[in-house]
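Since the structure comes first, as structure tokens, the remarks are kept for the end.
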Amino acid sequence: MKCYWSKAALVGSVANLIGSLSLGLVVGTACAQVPATPTGEPIKIGVISALSGPLVGYGQPLLDGVKMAAEQANAEGGVTIKGVRHLVQVVERDNRSDVNNSVAAAMSLVRDNGIKFIVGPATGSEVASVVEITQRAKVIQLSSAAILQSMLTKENVAPSMGNRRHLFMMQTPSPLREILTIKMSMKYLGSPMRQAVIVSNDSNGDYIGKNVEDAIVQSHATLVLPKVQYEPGTTDYSSYLTKIRDAKPDLLNVWWLPTDSINILQQAMQLNVAKSYFTFGAEPADVIQRIPNVDNVLVACGPLCRNSSSTPAIAAFWQRYAKYLGPNTKFAASAGGAAWYYDGTRMLLNAMQIAGTVDNTDDIAAVMAKTPFSGTLGLIKFDDRHRAQSGFDFCLLSKGKATCEFASP
Amino acid sequence: MIEKTLEPSVTSTASTFRAQILSLVALAIVLGVLPFLGINSQFMQICTLAFLWSIAAIGLGLLFGEAGQMSVANGALFGVGAYVAAIGAREQVLSMWTALPVAAVTAAFAATIIGAVALRVRGHYFLIITFAFAELWRISTVNLRELTGGNQGIMVLDPVVLPGVGEIDSLRQLFYLALVAVIAASLIVAWLRSSPFGRNLRVVRENERLAISLGLNAARMRLTAFAISGALAGGAGVLYAYNLKHVGPEQFGASAGIQIVLILLIGGARSAAGPVIGALVFFLLPLVSRLDPITTEILYGLGLLAIVLLSPQGLVPLFASLVKRAWRKKKPSILSTTS
Amino acid sequence: METLLQQVVNGLSIASVFGLLAVGITLVFGLTGIVNFAHGEFLVQGGLVATSAIALGLPFPIACLVAFIVEGAIGWCVERAVFRPLAAQPVLGFIASLGLIIAMQHIALKIWGSNQIAIDAPLKQVLAIGDVRISAMRIAVTVITIIVMTVLLVLLSRSRWGRALRAIAIDRETAAAMGVPVQAYVSATFVIGSALAGLGGALLLSLFPMSPFSGGVYTINGFAVAIVGGLGSVSGALIAAVILGMVEAIASGYVSPVWSSAYAFGAMIIVLLLRPSGLKGGGIA
């Protein structure tokens with residue numbers, strides 16, 4: 001804010017003079033205030049993520065999301081708490097897709113660097129080992145790993161007492177997510193009554209498979225055969241798909257690895273397995289490119305489809321992400337996942353602001369657990385087990401064209 | 001120049017054994033002093049895990065270094081031990097200390113089964129069969145869900161209790177526990193190497209016909225070596241489970257077996273201190289890089305290549321020979337003794 | 001009945017991919033003794049190179065040729081720099097190939113990114129006979145695989161190279177003593193094996209997408225098939241590919257899908273137990 005001392009003082013009449021002098025006084029005190037906000041210690045947010053190795057497709061978007069949130073906060077002047085400004089600093093550690101490095105990274109961040117907030121790892125059972133380290137040190141940890149579902153209970157997140165009360169799961173847990181997808185399938189694909197499921201045989205797949213089965217039954221459709229689980233790394237699904245075809249389903253639900261879903265879909269359509277398909281994780285643009293006149297397919301992204309604009313907030317997110325990556329970098333396959341961490345980090349900073357502290361993780365966690373946040377993914381809130389409820393992008397593919405909607409459970 | 005066989009000579013001498021003991025003592029002192037030099041938690045944690053992996057490599061050192069059979073199944077045997085500990089803790093029937101012998105025996109038993117099948121073939125084929133077994137183990141731990149917890153694995157939250165001391169929980173205490181374990185394992189294998197058993201193993205490796213004509217049961221000796229390597233890996237697996245507090249199937253397949261092989265060969269398959277050094281290099285090397293993670297991995301892969309090409313016997317023998325050469329240069333009048 | 005027929009067709013289709021993977025390995029592992037666990041990386045790299053060639057506007061067959069040549073060239077470099085110095089101890093070659101895997105995966109990551117890459121299949125039709133369906137591209141890949149294997153079979157049994165390789169595989173020292181330029185033939189075989197891997201990758205790309213980390217599964221399957229068929233035997237690899245492909249299709253279709261990848265390993269173990277040289281091992285072609 002510029003100070004127009006001299007101009008104000010030169011204005012003519014007495015009334016103006018008095019008015020200008022008062023204005024000048026106001027301006028003066030305002031000018032005096034702005035540089036006086038002290039800057040405190042930066043808020044350090046640690047990231048443990050796969051920045052190399054096979055899980056890099058999930059790990060890199062995690063880091064991107066956190067960094068984008070940090071950059072945004074800093075551009076807005078940092079987080080101001082009790083009159084002190086704190087900039088946000090991201091301290092990253094590559095876990096090389098491996099549990100030993102995850103644990104060492106956790107030690108480095110928590111014990112050697114005294115960091116109180118950790119985001120990640122994104123996936124895999126190694127999260128469990130990291131949780132043991134962070135929770136003992138009362139470090140707030142955010143992750144979307146499926147294994148957290150079984151690690152978080154009502155009792156162990158109880159405020160002041162629960163030994164996992166600083167742990168938060170950023171992904172909508174099963175079965176809410178699966179119930180939502182079945183509901184959307186019913187709505188958009190003409191209420192398919194006979195349904196089947198194919199899912200990967202890994203820690204996410206176990207949960208998802210069972211919950212899709214349950215959701216199908218709950219919605220009064222018929223599960224025509226038990227879920228079929230394929231070994232991760234499979235590229236040829238024809239024998240699994242033929243088995244499913246034999247049971248004559250109306251709808252085949254394809255979950256969950258983004259790298260596999262589109263492949264399964266293409267092979268399923270070649271084999272004519274079902275009348276319609278639902279898939280989680282494939283990008284609509286990729287599906288349309290691979291199967292030009294694709295029809296009767298509902299695609300859900302985790303959580304956002306690339307470059308989607310289902311809501312203004314989502315469109316803004318993708319613009320921000322494209323700008324962050326620069327012109328020469330393409331989006332990773334699971335780039336949409338960055339939204340969980342972008343929103344999660346902003347939720348965390350918001351909770352700090354409301355709680356009025358940057359070190360009391362008990363207070364910050366308590367606030368975070370009960371404060372909904374309006375983010376890219378709509379209104380995000382945690383259930384009583386610290387599991388986030390947020391929505392997903394759904395795109396219906398008809399005759400090679402996609403129409404999308406963002407839906408929340 | 002690469003010699004046809006891994007030296008030294010088949011018959012080991014007392015001085016070799018002494019040299020090995022000395023190197024282990026030196027190693028124990030150097031490593032034992034580390035926490036007092038103010039190393040940080042990350043380093044201490046990595047060292048602890050490295051020690052446990054190196055115990056599995058030490059066992060493999062007996063199988064490969066002495067018996068000449070390279071196996072990638074020892075990662076699965078490591079996993080057997082870890083799962084025994086985890087399941088024992090979950091069912092509340094085993095503490096860490098009771099799990100140790102149970103896991104060692106179970107893993108030795110598993111090794112015997114694998115060996116009975118795999119040792120019928122040699123060299124490359126043996127390697128591939130052990131690979132197949134390792135992957136079968138991994139697939140089984142994924143699919144036998146009631147027993148193993150499936151993909152979610154099992155959490156191991158019981159504390160480690162030292163009789164007379166109480167719960168040991170701090171990073172430093174766990175570091176020393178692992179250090180004691182790895183030195184103990186190294187001593188056991190060094191002793192085995194210098195024993196008649198070790199000597200006979202080497203004869204079997206170098207010249208099987210001669211061994212048989214001397215009345216040695218080659219098949220049984222190899223199997224025993226495999227079982228011992230299994231027992232060591234299994235015991236280490238227990239400590240590993242209690243350190244990481246979680247076991248999952250992805251950790252113990254063929255890739256874990258390959259990791260153990262790498263650790264052994266980087267450090268030196270026939271040397272006492274080799275596996276520990278190899279493990280430390282394996283885990284610490286990538287951390288040294290200031291470059292971005294992907295470039296670091298590229299350099300790491302090339303670095304492994306370089307180590308294999310430039311020092312096929314491993315880093316410890318390379319270092320030892322460099323030291324000897326420097327010593328000889330310094331004192332040319334002293335007649336060099338073979339070791 | 002039609003489901004069974006479809007599963008048979010599926011099995012043959014899986015078999016053609018297995019054959020493609022195994023052919024390079026059986027040549028290299030079987031005849032030169034080099035244990036190159038990075039074989040799958042050569043394959044994936046070939047596929048990724050092909051995608052770049054196609055992105056530059058080259059037609060698919062030319063892209064396959066480019067992949068063939070590029071991977072052959074890289075194979076030549078790798079053989080000289082890595083496997084030749086370690087020839088005396090193949091286990092060290094195996095270890096070295098592990099370092100190679102890490103390096104190759106992450107170089108590919110740098111160049112092509114972590115995303116899976118796919119191409120528009122040159123043939124998009126799906127043939128249907130009743131309820132039995134198969135895509136035209138799979139038929140094409142199968143046909144090409146058979147052609148490649150046949151060419152190799154003929155070369156190995158008729159040509160000088162084939163005769164020399166047989167001699168080297170049986171007794172390297174005597175072959176050298178008799179004037180066979182062992183090193184040259186070993187290098188040439190490795191180059192051809194790598195080139196075949198590259199070609200295989202390009203062909204597979206028409207069926208499945210690939211990412212820098214897809215290689216591991218291909219390596220394992222390739223080794224399983226090569227071993228069951230008998231290392232060094234192309235016809236053995238063919239037979240083993242059919243057997244393992246059918247086993248996988250029938251087992252996943254009728255028994256238990258979650259154990260399906262275990263069957264290849266189980267088969268490998270059983271074969272190695274009962275007949276260590278594999279179905280047609282002990283000879284060549």
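So you can find residues: chains in the structure tokens are A, B, ... in the order shown, residues in each start at 1, and ligands are numbered from 1 in order.
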
For a quick test of understanding: name the residues of chain B lying within 8 Å of chain C when counting only C-alpha atoms, and present them as a PyMOL selection string. chain B and resi 2-4+70+117-118+120-121+124-125+129+132-133+135-136+139+143+261-262+294-295+297-305+308-309+312

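Residues with any atom within 9 Å of Ala50 of chain C, counting only C-alpha atoms and excluding same-chain neighbours fewer than 5 positions away, are Gln45, Ala55, Phe60, Ile62, Ala63, Cys64, Leu65, Val66, Ala67, Gly198, Leu199, Gly201, Ala202 and Leu205 of chain C.
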
DSSP on the backbone: which residues in segment 67-277 of chain B end up as strand (DSSP E or B)? Give the answer as a count of residues only. 10

Would you mind listing, as a count of residues only, all residues of chain A that have at least one atom within 10 Å of chain B, where only C-alpha atoms are what counts? 47

Could you produce a table of the residues of chain A lying within 10 Å of chain C, with the nearest pair of atoms per residue and their separation in Å rounded to one decimal, using only C-alpha atoms, ordered by chain and increasing residue number, as a tab-separated table?
residue	atom	partner	partner_atom	distance
A:Ser52	CA	C:His106	CA	7.7
A:Gly53	CA	C:His106	CA	7.7
A:Pro54	CA	C:Phe213	CA	5.9
A:Leu55	CA	C:Ser114	CA	9.0
A:Val56	CA	C:Ser114	CA	6.9
A:Gly57	CA	C:Ser114	CA	5.6
A:Tyr58	CA	C:Ser114	CA	9.4
A:Gln60	CA	C:Ser114	CA	9.5
A:Ser200	CA	C:Val258	CA	9.2
A:Asn201	CA	C:Val258	CA	7.0
A:Lys227	CA	C:Pro257	CA	9.9
A:Val228	CA	C:Pro257	CA	6.7
A:Gln229	CA	C:Val258	CA	5.8
A:Tyr230	CA	C:Val258	CA	5.8
A:Glu231	CA	C:Val258	CA	6.3
A:Pro232	CA	C:Val217	CA	9.4
A:Gly233	CA	C:Val217	CA	6.3
A:Thr234	CA	C:Val217	CA	7.8
A:Thr235	CA	C:Phe208	CA	6.4
A:Asp236	CA	C:Ile14	CA	7.0
A:Tyr237	CA	C:Asn10	CA	8.9
A:Ser238	CA	C:Asn10	CA	5.9
A:Ser239	CA	C:Ala249	CA	5.0
A:Tyr240	CA	C:Gly253	CA	5.6
A:Leu241	CA	C:Gly253	CA	8.1
A:Thr242	CA	C:Gln7	CA	6.8
A:Lys243	CA	C:Gly253	CA	5.1
A:Ile244	CA	C:Gly253	CA	8.6
A:Arg245	CA	C:Thr3	CA	8.4
A:Asp246	CA	C:Thr3	CA	6.7
A:Pro258	CA	C:Gln116	CA	9.2
A:Thr259	CA	C:Gln116	CA	6.5
A:Asp260	CA	C:Pro209	CA	8.9
A:Ile262	CA	C:Pro209	CA	9.2
A:Asn263	CA	C:Phe208	CA	6.8
A:Ile264	CA	C:Phe208	CA	9.7
A:Gln266	CA	C:Phe208	CA	9.6
A:Gln267	CA	C:Ser135	CA	8.8
A:Met269	CA	C:Val126	CA	9.7
A:Gln270	CA	C:Val126	CA	6.3
A:Leu271	CA	C:Arg133	CA	5.6
A:Asn272	CA	C:Arg133	CA	8.0
A:Asp286	CA	C:Ala118	CA	9.2
A:Gln289	CA	C:Asp120	CA	7.9
A:Arg290	CA	C:Asp120	CA	6.2
A:Ile291	CA	C:Asp120	CA	8.9
A:Pro292	CA	C:Asp120	CA	9.9
A:Thr329	CA	C:Gly113	CA	8.8
A:Lys330	CA	C:Gly113	CA	8.0
A:Phe331	CA	C:Asn115	CA	8.2
A:Ala332	CA	C:Asn115	CA	5.5
A:Ala333	CA	C:Asn115	CA	5.2
A:Ser334	CA	C:Asn115	CA	8.5
A:Ala335	CA	C:Asn115	CA	9.9

Go ahead and compute the interatomic distance for atom CA of Lys183 of chain A and atom CA of Met368 of chain A, in Å to one decimal.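 Answer for the atom CA of Lys183 of chain A to atom CA of Met368 of chain A separation: 29.4 Å.
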
I'd like the neighbourhood of Leu196 of chain C as a PyMOL selection string, where a residue qualifies if any of its atoms comes within 10 Å (using only C-alpha atoms), though same-chain residues fewer than 2 positions away should be ignored. chain C and resi 20-25+27+42-43+46+67-69+71-72+148+190-194+198-202

Let's have the selection written as a short mmCIF file (atom, residue, chain, number, x, y, z; two decimals), in the first residue's frame, with N, CA and C atoms.
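Done, and the output landed in out.cif:
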data_model
loop_
_atom_site.label_atom_id
_atom_site.label_comp_id
_atom_site.auth_asym_id
_atom_site.auth_seq_id
_atom_site.Cartn_x
_atom_site.Cartn_y
_atom_site.Cartn_z
N LEU C 20 7.60 -65.82 -27.52
CA LEU C 20 8.36 -64.63 -27.88
C LEU C 20 9.36 -64.26 -26.79
N LEU C 21 8.92 -64.38 -25.54
CA LEU C 21 9.81 -64.05 -24.43
C LEU C 21 10.93 -65.07 -24.31
N ALA C 22 10.58 -66.32 -24.52
CA ALA C 22 11.53 -67.38 -24.21
C ALA C 22 12.61 -67.53 -25.26
N VAL C 23 12.29 -67.15 -26.47
CA VAL C 23 13.19 -67.48 -27.57
C VAL C 23 14.56 -66.82 -27.39
N GLY C 24 14.55 -65.55 -26.97
CA GLY C 24 15.84 -64.87 -26.77
C GLY C 24 16.60 -65.48 -25.60
N ILE C 25 15.86 -65.83 -24.54
CA ILE C 25 16.51 -66.35 -23.35
C ILE C 25 17.09 -67.73 -23.62
N LEU C 27 18.16 -68.93 -26.32
CA LEU C 27 19.37 -68.76 -27.11
C LEU C 27 20.55 -68.34 -26.24
N PHE C 42 15.41 -55.29 -21.73
CA PHE C 42 15.67 -55.11 -23.17
C PHE C 42 14.35 -55.13 -23.93
N LEU C 43 13.48 -56.03 -23.49
CA LEU C 43 12.19 -56.15 -24.15
C LEU C 43 11.38 -54.88 -24.01
N GLY C 46 12.75 -52.07 -25.88
CA GLY C 46 12.41 -52.19 -27.30
C GLY C 46 11.02 -51.65 -27.57
N ALA C 67 13.27 -51.17 -33.22
CA ALA C 67 13.45 -51.76 -31.89
C ALA C 67 14.45 -52.91 -31.95
N PHE C 68 14.33 -53.73 -32.97
CA PHE C 68 15.23 -54.86 -33.18
C PHE C 68 16.68 -54.39 -33.26
N ILE C 69 16.90 -53.36 -34.07
CA ILE C 69 18.26 -52.89 -34.28
C ILE C 69 18.81 -52.20 -33.04
N GLU C 71 17.98 -52.49 -29.87
CA GLU C 71 18.27 -53.38 -28.74
C GLU C 71 19.45 -54.29 -29.05
N GLY C 72 19.58 -54.65 -30.33
CA GLY C 72 20.76 -55.42 -30.71
C GLY C 72 22.04 -54.64 -30.45
N VAL C 148 9.39 -66.25 -36.64
CA VAL C 148 10.70 -65.99 -36.02
C VAL C 148 11.30 -67.29 -35.50
N PHE C 190 24.49 -63.20 -28.24
CA PHE C 190 23.90 -62.27 -27.28
C PHE C 190 23.23 -61.11 -27.99
N VAL C 191 23.89 -60.62 -29.04
CA VAL C 191 23.31 -59.51 -29.81
C VAL C 191 21.97 -59.93 -30.39
N ILE C 192 21.95 -61.13 -30.98
CA ILE C 192 20.70 -61.58 -31.59
C ILE C 192 19.62 -61.77 -30.52
N GLY C 193 20.01 -62.34 -29.38
CA GLY C 193 19.06 -62.52 -28.29
C GLY C 193 18.46 -61.19 -27.85
N SER C 194 19.31 -60.17 -27.70
CA SER C 194 18.82 -58.86 -27.28
C SER C 194 17.96 -58.24 -28.36
N GLY C 198 14.09 -56.98 -28.17
CA GLY C 198 13.56 -55.70 -28.61
C GLY C 198 12.38 -55.86 -29.55
N LEU C 199 12.54 -56.79 -30.50
CA LEU C 199 11.45 -57.05 -31.43
C LEU C 199 10.22 -57.53 -30.68
N GLY C 200 10.45 -58.44 -29.73
CA GLY C 200 9.34 -58.95 -28.92
C GLY C 200 8.61 -57.83 -28.20
N GLY C 201 9.39 -56.90 -27.67
CA GLY C 201 8.78 -55.79 -26.96
C GLY C 201 7.90 -54.96 -27.88
N ALA C 202 8.41 -54.70 -29.09
CA ALA C 202 7.62 -53.92 -30.02
C ALA C 202 6.33 -54.64 -30.39
#

Could you pull the residues within 12 Å of Leu187 of chain B, counting only C-alpha atoms, minus those fewer than 6 positions along the same chain, as a VMD selection string? chain B and resid 17 to 25 27 to 28 55 58 to 59 62 180 to 181 193 to 194 271 to 273

Selection near Ile113 of chain B, 12 Å with only C-alpha atoms, sequence-local residues under 6 positions removed, as a list in words: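 Counting only C-alpha atoms, the residues come to Ala73, Leu77, Thr106, Ala107, Leu119, Arg120, Thr130, Phe133, Leu223, Thr224, Phe226, Ala227 and Gly230 of chain B.
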
Serialized selection, N, CA and C atoms, as a PDB file, in the first residue's frame:
ATOM      1  N   ALA B  73      16.623 -67.965  -2.666  1.00  0.00           N
ATOM      2  CA  ALA B  73      15.483 -68.301  -1.814  1.00  0.00           C
ATOM      3  C   ALA B  73      15.677 -67.818  -0.395  1.00  0.00           C
ATOM      4  N   LEU B  77      13.360 -67.397   3.168  1.00  0.00           N
ATOM      5  CA  LEU B  77      13.659 -67.994   4.468  1.00  0.00           C
ATOM      6  C   LEU B  77      13.684 -66.919   5.550  1.00  0.00           C
ATOM      7  N   THR B 106      12.194 -73.660  11.920  1.00  0.00           N
ATOM      8  CA  THR B 106      11.227 -73.672  10.814  1.00  0.00           C
ATOM      9  C   THR B 106      11.893 -73.321   9.504  1.00  0.00           C
ATOM     10  N   ALA B 107      12.722 -72.299   9.542  1.00  0.00           N
ATOM     11  CA  ALA B 107      13.377 -71.876   8.306  1.00  0.00           C
ATOM     12  C   ALA B 107      14.367 -72.921   7.839  1.00  0.00           C
ATOM     13  N   LEU B 119      18.572 -79.101  -4.892  1.00  0.00           N
ATOM     14  CA  LEU B 119      19.973 -79.486  -4.971  1.00  0.00           C
ATOM     15  C   LEU B 119      20.213 -80.659  -5.905  1.00  0.00           C
ATOM     16  N   ARG B 120      19.150 -81.157  -6.497  1.00  0.00           N
ATOM     17  CA  ARG B 120      19.354 -82.196  -7.505  1.00  0.00           C
ATOM     18  C   ARG B 120      19.970 -81.622  -8.762  1.00  0.00           C
ATOM     19  N   THR B 130      15.532 -71.957  -7.017  1.00  0.00           N
ATOM     20  CA  THR B 130      15.358 -71.202  -5.769  1.00  0.00           C
ATOM     21  C   THR B 130      14.534 -69.954  -6.027  1.00  0.00           C
ATOM     22  N   PHE B 133      10.948 -71.061  -6.002  1.00  0.00           N
ATOM     23  CA  PHE B 133      10.474 -71.287  -4.638  1.00  0.00           C
ATOM     24  C   PHE B 133      10.214 -69.976  -3.925  1.00  0.00           C
ATOM     25  N   LEU B 223      23.051 -79.932   1.608  1.00  0.00           N
ATOM     26  CA  LEU B 223      21.755 -79.718   2.243  1.00  0.00           C
ATOM     27  C   LEU B 223      21.944 -79.112   3.626  1.00  0.00           C
ATOM     28  N   THR B 224      22.944 -79.619   4.350  1.00  0.00           N
ATOM     29  CA  THR B 224      23.201 -79.074   5.680  1.00  0.00           C
ATOM     30  C   THR B 224      23.576 -77.601   5.591  1.00  0.00           C
ATOM     31  N   PHE B 226      22.704 -75.514   3.347  1.00  0.00           N
ATOM     32  CA  PHE B 226      21.489 -74.787   3.017  1.00  0.00           C
ATOM     33  C   PHE B 226      20.634 -74.609   4.273  1.00  0.00           C
ATOM     34  N   ALA B 227      20.507 -75.692   5.048  1.00  0.00           N
ATOM     35  CA  ALA B 227      19.685 -75.617   6.256  1.00  0.00           C
ATOM     36  C   ALA B 227      20.262 -74.603   7.239  1.00  0.00           C
ATOM     37  N   GLY B 230      19.494 -71.274   6.161  1.00  0.00           N
ATOM     38  CA  GLY B 230      18.088 -71.012   6.453  1.00  0.00           C
ATOM     39  C   GLY B 230      17.882 -70.630   7.905  1.00  0.00           C
TER      40      GLY B 230
END
